[in-house]
Each structure stands twice: as structure tokens, then as C-alpha cells.
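Asker: Pasting coords-v6.cif below, which is mmCIF, C-alpha atoms and all ligand atoms.
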```
data_run
#
loop_
_atom_site.label_atom_id
_atom_site.label_comp_id
_atom_site.auth_asym_id
_atom_site.auth_seq_id
_atom_site.Cartn_x
_atom_site.Cartn_y
_atom_site.Cartn_z
CA MET O 1 -13.30 -11.73 -2.13
CA THR O 2 -15.64 -8.75 -1.99
CA THR O 3 -18.59 -8.60 0.32
CA LYS O 4 -21.68 -7.83 -1.67
CA PRO O 5 -23.53 -4.85 -0.17
CA SER O 6 -27.28 -5.06 0.13
CA ASN O 7 -29.27 -2.99 -2.36
CA SER O 8 -30.06 -0.12 0.00
CA GLU O 9 -26.63 0.30 1.62
CA PRO O 10 -24.29 3.02 0.32
CA VAL O 11 -21.15 1.68 -1.36
CA PRO O 12 -17.78 2.90 -0.03
CA CYS O 13 -14.95 4.09 -2.24
CA PRO O 14 -11.83 2.06 -1.35
CA ALA O 15 -9.53 4.96 -2.22
CA CYS O 16 -11.09 8.07 -0.61
CA GLY O 17 -13.61 6.40 1.71
CA GLY O 18 -16.57 8.39 0.37
CA LEU O 19 -20.01 6.74 0.42
CA HIS O 20 -21.96 6.52 -2.83
CA PRO O 21 -25.42 5.27 -3.87
CA PRO O 22 -25.54 1.47 -4.43
CA GLU O 23 -26.04 1.85 -8.19
CA SER O 24 -22.79 3.85 -8.64
CA VAL O 25 -19.88 2.14 -10.35
CA PHE O 26 -17.10 4.76 -10.14
CA CYS O 27 -16.32 7.33 -7.46
CA PRO O 28 -16.98 10.85 -8.81
CA HIS O 29 -14.16 12.26 -6.63
CA CYS O 30 -11.21 10.00 -7.44
CA GLY O 31 -12.47 7.93 -10.39
CA LYS O 32 -11.83 4.55 -8.70
CA ALA O 33 -14.34 1.69 -8.92
CA VAL O 34 -16.44 1.69 -5.73
CA GLY O 35 -17.15 -1.40 -3.60
CA GLY O 36 -15.11 -3.72 -1.43
CA LEU O 37 -12.18 -3.77 -3.85
CA ARG O 38 -8.55 -3.37 -2.88
CA TYR O 39 -6.12 -0.95 -4.43
CA VAL O 40 -2.50 -1.87 -3.91
CA ARG O 41 -1.18 1.63 -4.67
CA GLU O 42 -3.40 3.23 -2.00
CA GLU O 43 -2.48 0.55 0.55
CA PHE O 44 1.18 1.13 -0.18
CA GLU O 45 0.90 4.91 0.06
CA ALA O 46 -0.88 4.59 3.41
CA THR O 47 1.87 2.41 4.93
CA ARG O 48 4.78 4.43 3.53
CA ARG O 49 7.31 5.45 6.20
CA ARG O 50 8.93 8.88 6.35
CA TYR O 51 12.30 7.86 4.91
CA GLU O 52 10.50 6.01 2.09
CA GLN O 53 8.48 9.15 1.31
CA PHE O 54 11.71 11.13 1.27
CA ALA O 55 13.40 8.53 -0.96
CA ASP O 56 10.48 8.72 -3.39
CA VAL O 57 10.70 12.52 -3.51
CA VAL O 58 14.48 12.35 -4.12
CA THR O 59 14.05 9.67 -6.81
CA ARG O 60 11.43 11.79 -8.60
CA PHE O 61 13.70 14.83 -8.38
CA VAL O 62 16.83 13.10 -9.74
CA SER O 63 14.90 11.50 -12.60
CA ALA O 64 13.66 14.92 -13.80
CA PRO O 65 15.57 16.55 -16.69
CA SER O 66 16.00 19.72 -14.60
CA TYR O 67 18.29 17.77 -12.24
CA PHE O 68 20.82 17.25 -15.02
CA GLY O 69 20.51 20.87 -16.11
CA VAL O 70 21.18 22.14 -12.58
CA HIS O 71 24.20 19.81 -12.25
CA ILE O 72 25.72 20.81 -15.56
CA LEU O 73 25.26 24.46 -14.58
CA TRP O 74 26.77 24.30 -11.10
CA VAL O 75 29.70 22.11 -12.16
CA ALA O 76 30.43 24.53 -15.01
CA VAL O 77 30.22 27.54 -12.64
CA TRP O 78 32.49 25.72 -10.14
CA MET O 79 35.10 25.04 -12.83
CA VAL O 80 35.00 28.56 -14.23
CA LEU O 81 35.35 30.11 -10.74
CA ASN O 82 38.35 27.86 -9.97
CA SER O 83 40.05 28.29 -13.33
CA GLY O 84 41.26 31.76 -12.46
CA VAL O 85 39.35 33.47 -15.28
CA VAL O 86 37.22 35.41 -12.80
CA MET O 87 39.76 37.63 -10.99
CA ALA O 88 37.36 38.70 -8.23
CA VAL O 89 37.03 35.15 -6.88
CA ARG O 90 39.83 33.37 -5.00
CA ARG O 91 40.37 29.76 -6.09
CA PHE O 92 39.07 27.24 -3.56
CA ASP O 93 39.46 24.00 -5.58
CA ASP O 94 42.56 23.68 -7.74
CA PRO O 95 42.30 22.48 -11.34
CA PRO O 96 42.73 20.14 -13.07
CA SER O 97 41.86 17.60 -10.34
CA TYR O 98 39.10 19.64 -8.58
CA ASN O 99 39.43 17.47 -5.47
CA LEU O 100 36.66 19.19 -3.50
CA LEU O 101 34.23 18.92 -6.43
CA ALA O 102 35.08 15.22 -6.85
CA LEU O 103 34.53 14.63 -3.13
CA LEU O 104 31.15 16.40 -3.14
CA LEU O 105 29.98 14.51 -6.23
CA SER O 106 31.09 11.20 -4.67
CA ILE O 107 29.16 11.91 -1.44
CA GLU O 108 26.11 12.87 -3.48
CA ALA O 109 26.39 9.65 -5.51
CA ILE O 110 26.57 7.55 -2.32
CA PHE O 111 23.41 9.13 -0.90
CA LEU O 112 21.54 9.00 -4.21
CA THR O 113 22.34 5.30 -4.60
CA GLY O 114 20.82 4.65 -1.16
CA PHE O 115 17.66 6.59 -1.94
CA LEU O 116 17.28 4.96 -5.35
CA LEU O 117 17.65 1.51 -3.79
CA VAL O 118 14.98 2.26 -1.17
CA SER O 119 12.65 3.52 -3.87
CA GLN O 120 13.38 0.59 -6.18
CA THR O 121 12.79 -1.96 -3.42
CA ARG O 122 9.44 -0.39 -2.66
CA GLU O 123 8.47 -0.41 -6.33
CA ALA O 124 9.42 -4.11 -6.54
CA ASP O 125 7.32 -4.83 -3.41
CA TYR O 126 4.42 -2.96 -5.00
CA GLU O 127 4.68 -4.97 -8.23
CA ARG O 128 4.85 -8.25 -6.28
CA LYS O 129 1.81 -7.30 -4.18
CA ARG O 130 -0.13 -6.32 -7.29
CA ALA O 131 0.73 -9.60 -9.00
CA GLU O 132 -0.48 -11.48 -5.90
CA LEU O 133 -3.74 -9.54 -5.92
CA ASP O 134 -4.20 -10.20 -9.66
CA TYR O 135 -3.65 -13.92 -9.06
CA GLU O 136 -6.05 -13.93 -6.10
CA THR O 137 -8.71 -12.17 -8.18
CA ALA O 138 -8.20 -14.59 -11.09
CA VAL O 139 -8.60 -17.60 -8.76
CA GLN O 140 -11.76 -16.17 -7.19
CA THR O 141 -13.22 -15.31 -10.60
CA ASN O 142 -12.45 -18.84 -11.78
CA ARG O 143 -14.23 -20.31 -8.73
CA ILE O 144 -17.29 -18.12 -9.25
CA LEU O 145 -17.42 -19.01 -12.97
CA SER O 146 -17.13 -22.76 -12.33
CA ASP O 147 -19.85 -22.48 -9.65
CA MET O 148 -22.09 -20.62 -12.12
CA SER O 149 -21.35 -23.22 -14.79
CA THR O 150 -22.36 -26.04 -12.41
CA ARG O 151 -25.61 -24.23 -11.52
CA LEU O 152 -26.39 -23.59 -15.21
CA ASP O 153 -25.84 -27.30 -15.99
CA ASP O 154 -28.18 -28.14 -13.11
CA ILE O 155 -30.86 -25.73 -14.41
CA ALA O 156 -30.50 -27.13 -17.95
CA SER O 157 -30.93 -30.76 -16.80
CA ARG O 158 -33.97 -29.79 -14.68
CA MET O 159 -35.55 -28.03 -17.67
CA GLU O 160 -34.90 -31.09 -19.86
CA ARG O 161 -36.63 -33.26 -17.27
CA ILE O 162 -39.62 -30.86 -17.08
CA GLU O 163 -39.87 -30.82 -20.90
CA ALA O 164 -39.74 -34.62 -21.00
CA ASP O 165 -42.49 -34.82 -18.35
CA LEU O 166 -44.64 -32.35 -20.29
CA ARG O 167 -44.19 -34.35 -23.51
CA LYS O 168 -45.25 -37.54 -21.70
CA GLU O 169 -48.37 -35.84 -20.31
CA SER O 170 -49.48 -34.41 -23.65
ZN ZN O 201 -13.17 7.99 -4.13
#
```
Written as C-alpha cells, that's how I'd like the structure from this file.
Ligand SMILES: [Zn+2]

Answerer:
Amino acid sequence: MTTKPSNSEPVPCPACGGLHPPESVFCPHCGKAVGGLRYVREEFEATRRRYEQFADVVTRFVSAPSYFGVHILWVAVWMVLNSGVVMAVRRFDDPPSYNLLALLLSIEAIFLTGFLLVSQTREADYERKRAELDYETAVQTNRILSDMSTRLDDIASRMERIEADLRKES
């Protein structure tokens, strides 16, 4: 699990790498608990490839409400311009089918599906990794607790023996 630093050594922050006095519990810069702990999110961010970064940016953008607003606006403008209402503009996509608009929206949907899948797969990997780390920590905690319990039992039986010896002597 974690390597216990000696009392005089500075404790590193696993997220930002800053060194802090041994008595510190949380990093004042990023708020993470200091020590030899692991943070799955930071590990994942560090190993993220370029296309995954791009997929995450796209996913964040398309899940924002402004994305829908922009789409409603440009589709409405497209339809108005091609309806013939605005005389100054020559039609470039005939109603009512709007073939070019349908094609563009289909291409966009294909690309967005790809980016969303990349992002979703990464999120699933992150959740799985975090669950593994939780399990690992639970197992290690359980081992430490059972070891402490054994030692406490040992101390208790030794004390009982000492008390019994003292009673015999008195
Ligand atoms: Zn930090």
C-alpha cells in the first residue's frame, strides 16, 4: 500500500508533486490528501492521448445547452435562407427536403457518435480502475485491521498473565 515516510521527511502531494511538512494532511495548492496515495483521475489525465483529449473536449461541448441553441439557430437560418423569403440570397438547398442540410447533419452525427464512444469508453475505464483501487484499499485496510486485532489480543493476554503473576506475588 503506501510507504510510510519517516517523521522528518517532507510528504509529497500525489496530484501536483509539491512537498509538504510531514504533519500536513491536505495539499494547500490542490486540496488533495498528501502521502503515497494514488489518484485515478490524475493518472488517467496524465496518460490521455491527443484524440482522447479532443474527444473529451467535443463531448463537453455537445453536452452544453449552448450547443443545442447554436444548432437550433443555424438550422432555422438555413431554412429561412432557402425558403425564398429573403430575396437577396440565392437558394442553395431546396425545400422541403433540404438535402444538403440533411447530409451535413448526418456527417456531424457520425463524427459525434465516434467522439462520444471514445469518451464513454474512457469514462468506463476510469470507473473500473477506481473500483479496483477501492477494492485494493479495502483489502489492505482489512489486513492491517486484522493484524492490529491480533496484536491487541496478544497484548491483552500478556497483561492478564502479568496481572495473574502480580496477584500470586502479593
Ligand atoms: Zn497538491

Asker: Might you pull out every residue within 12 Å of stretch 87-91 of chain O, with all atoms listed in the file counted and same-chain residues fewer than 6 positions away left off, and present them as number ranges by chain?

Answerer: O: 77-81, 98, 100

Asker: Counting all atoms listed in the file, which residues of chain O sit at most 7 Å from some atom of ligand ZN 201 (chain O), and what is each one's closest atom pair with its distance in Å to one decimal, listed by chain and rising residue number, as CSV?

Answerer:
```
residue,atom,partner,partner_atom,distance
O:Cys13,CA,O:ZN201,ZN,4.7
O:Pro14,CA,O:ZN201,ZN,6.7
O:Ala15,CA,O:ZN201,ZN,5.1
O:Cys16,CA,O:ZN201,ZN,4.1
O:Gly17,CA,O:ZN201,ZN,6.1
O:Gly18,CA,O:ZN201,ZN,5.7
O:Cys27,CA,O:ZN201,ZN,4.6
O:Pro28,CA,O:ZN201,ZN,6.7
O:His29,CA,O:ZN201,ZN,5.0
O:Cys30,CA,O:ZN201,ZN,4.3
O:Gly31,CA,O:ZN201,ZN,6.3
O:Lys32,CA,O:ZN201,ZN,5.9
```

Asker: In Å to one decimal, how far is atom CA of O:Asp93 from atom CA of O:Leu73?

Answerer: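 Between atom CA of O:Leu73 and atom CA of O:Asp93 the gap works out to 16.8 Å.
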
Asker: Within 8 Å of stretch 39-51 of chain O, counting all atoms listed in the file, which residues qualify if same-chain residues fewer than 3 places away don't, as a ChimeraX atom specification?

Answerer: /O:14-15,54-55,126,129-130

Asker: Could you work out how far atom CA of O:Ala131 lies from atom CA of O:Val11, giving the answer in Å with one decimal?

Answerer: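 Pair atom CA of O:Val11 / atom CA of O:Ala131 returns 25.8 Å.
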
Asker: Would you place a box with edges along x, y and z of the file around all atoms of stretch 53-58 of chain O listed there, add 5 Å to each of its six sides, and report the centre and edge lengths in Å to one decimal, as lines of an AutoDock Vina configuration file?

Answerer:
```
center_x = 11.5
center_y = 10.5
center_z = -1.4
size_x = 16.0
size_y = 14.0
size_z = 15.4
```

Asker: Rounded to one decimal place, report the atom CA of O:Glu9-atom CA of O:Leu37 distance in Å.

Answerer: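 Distance between the two atoms: 16.0 Å.
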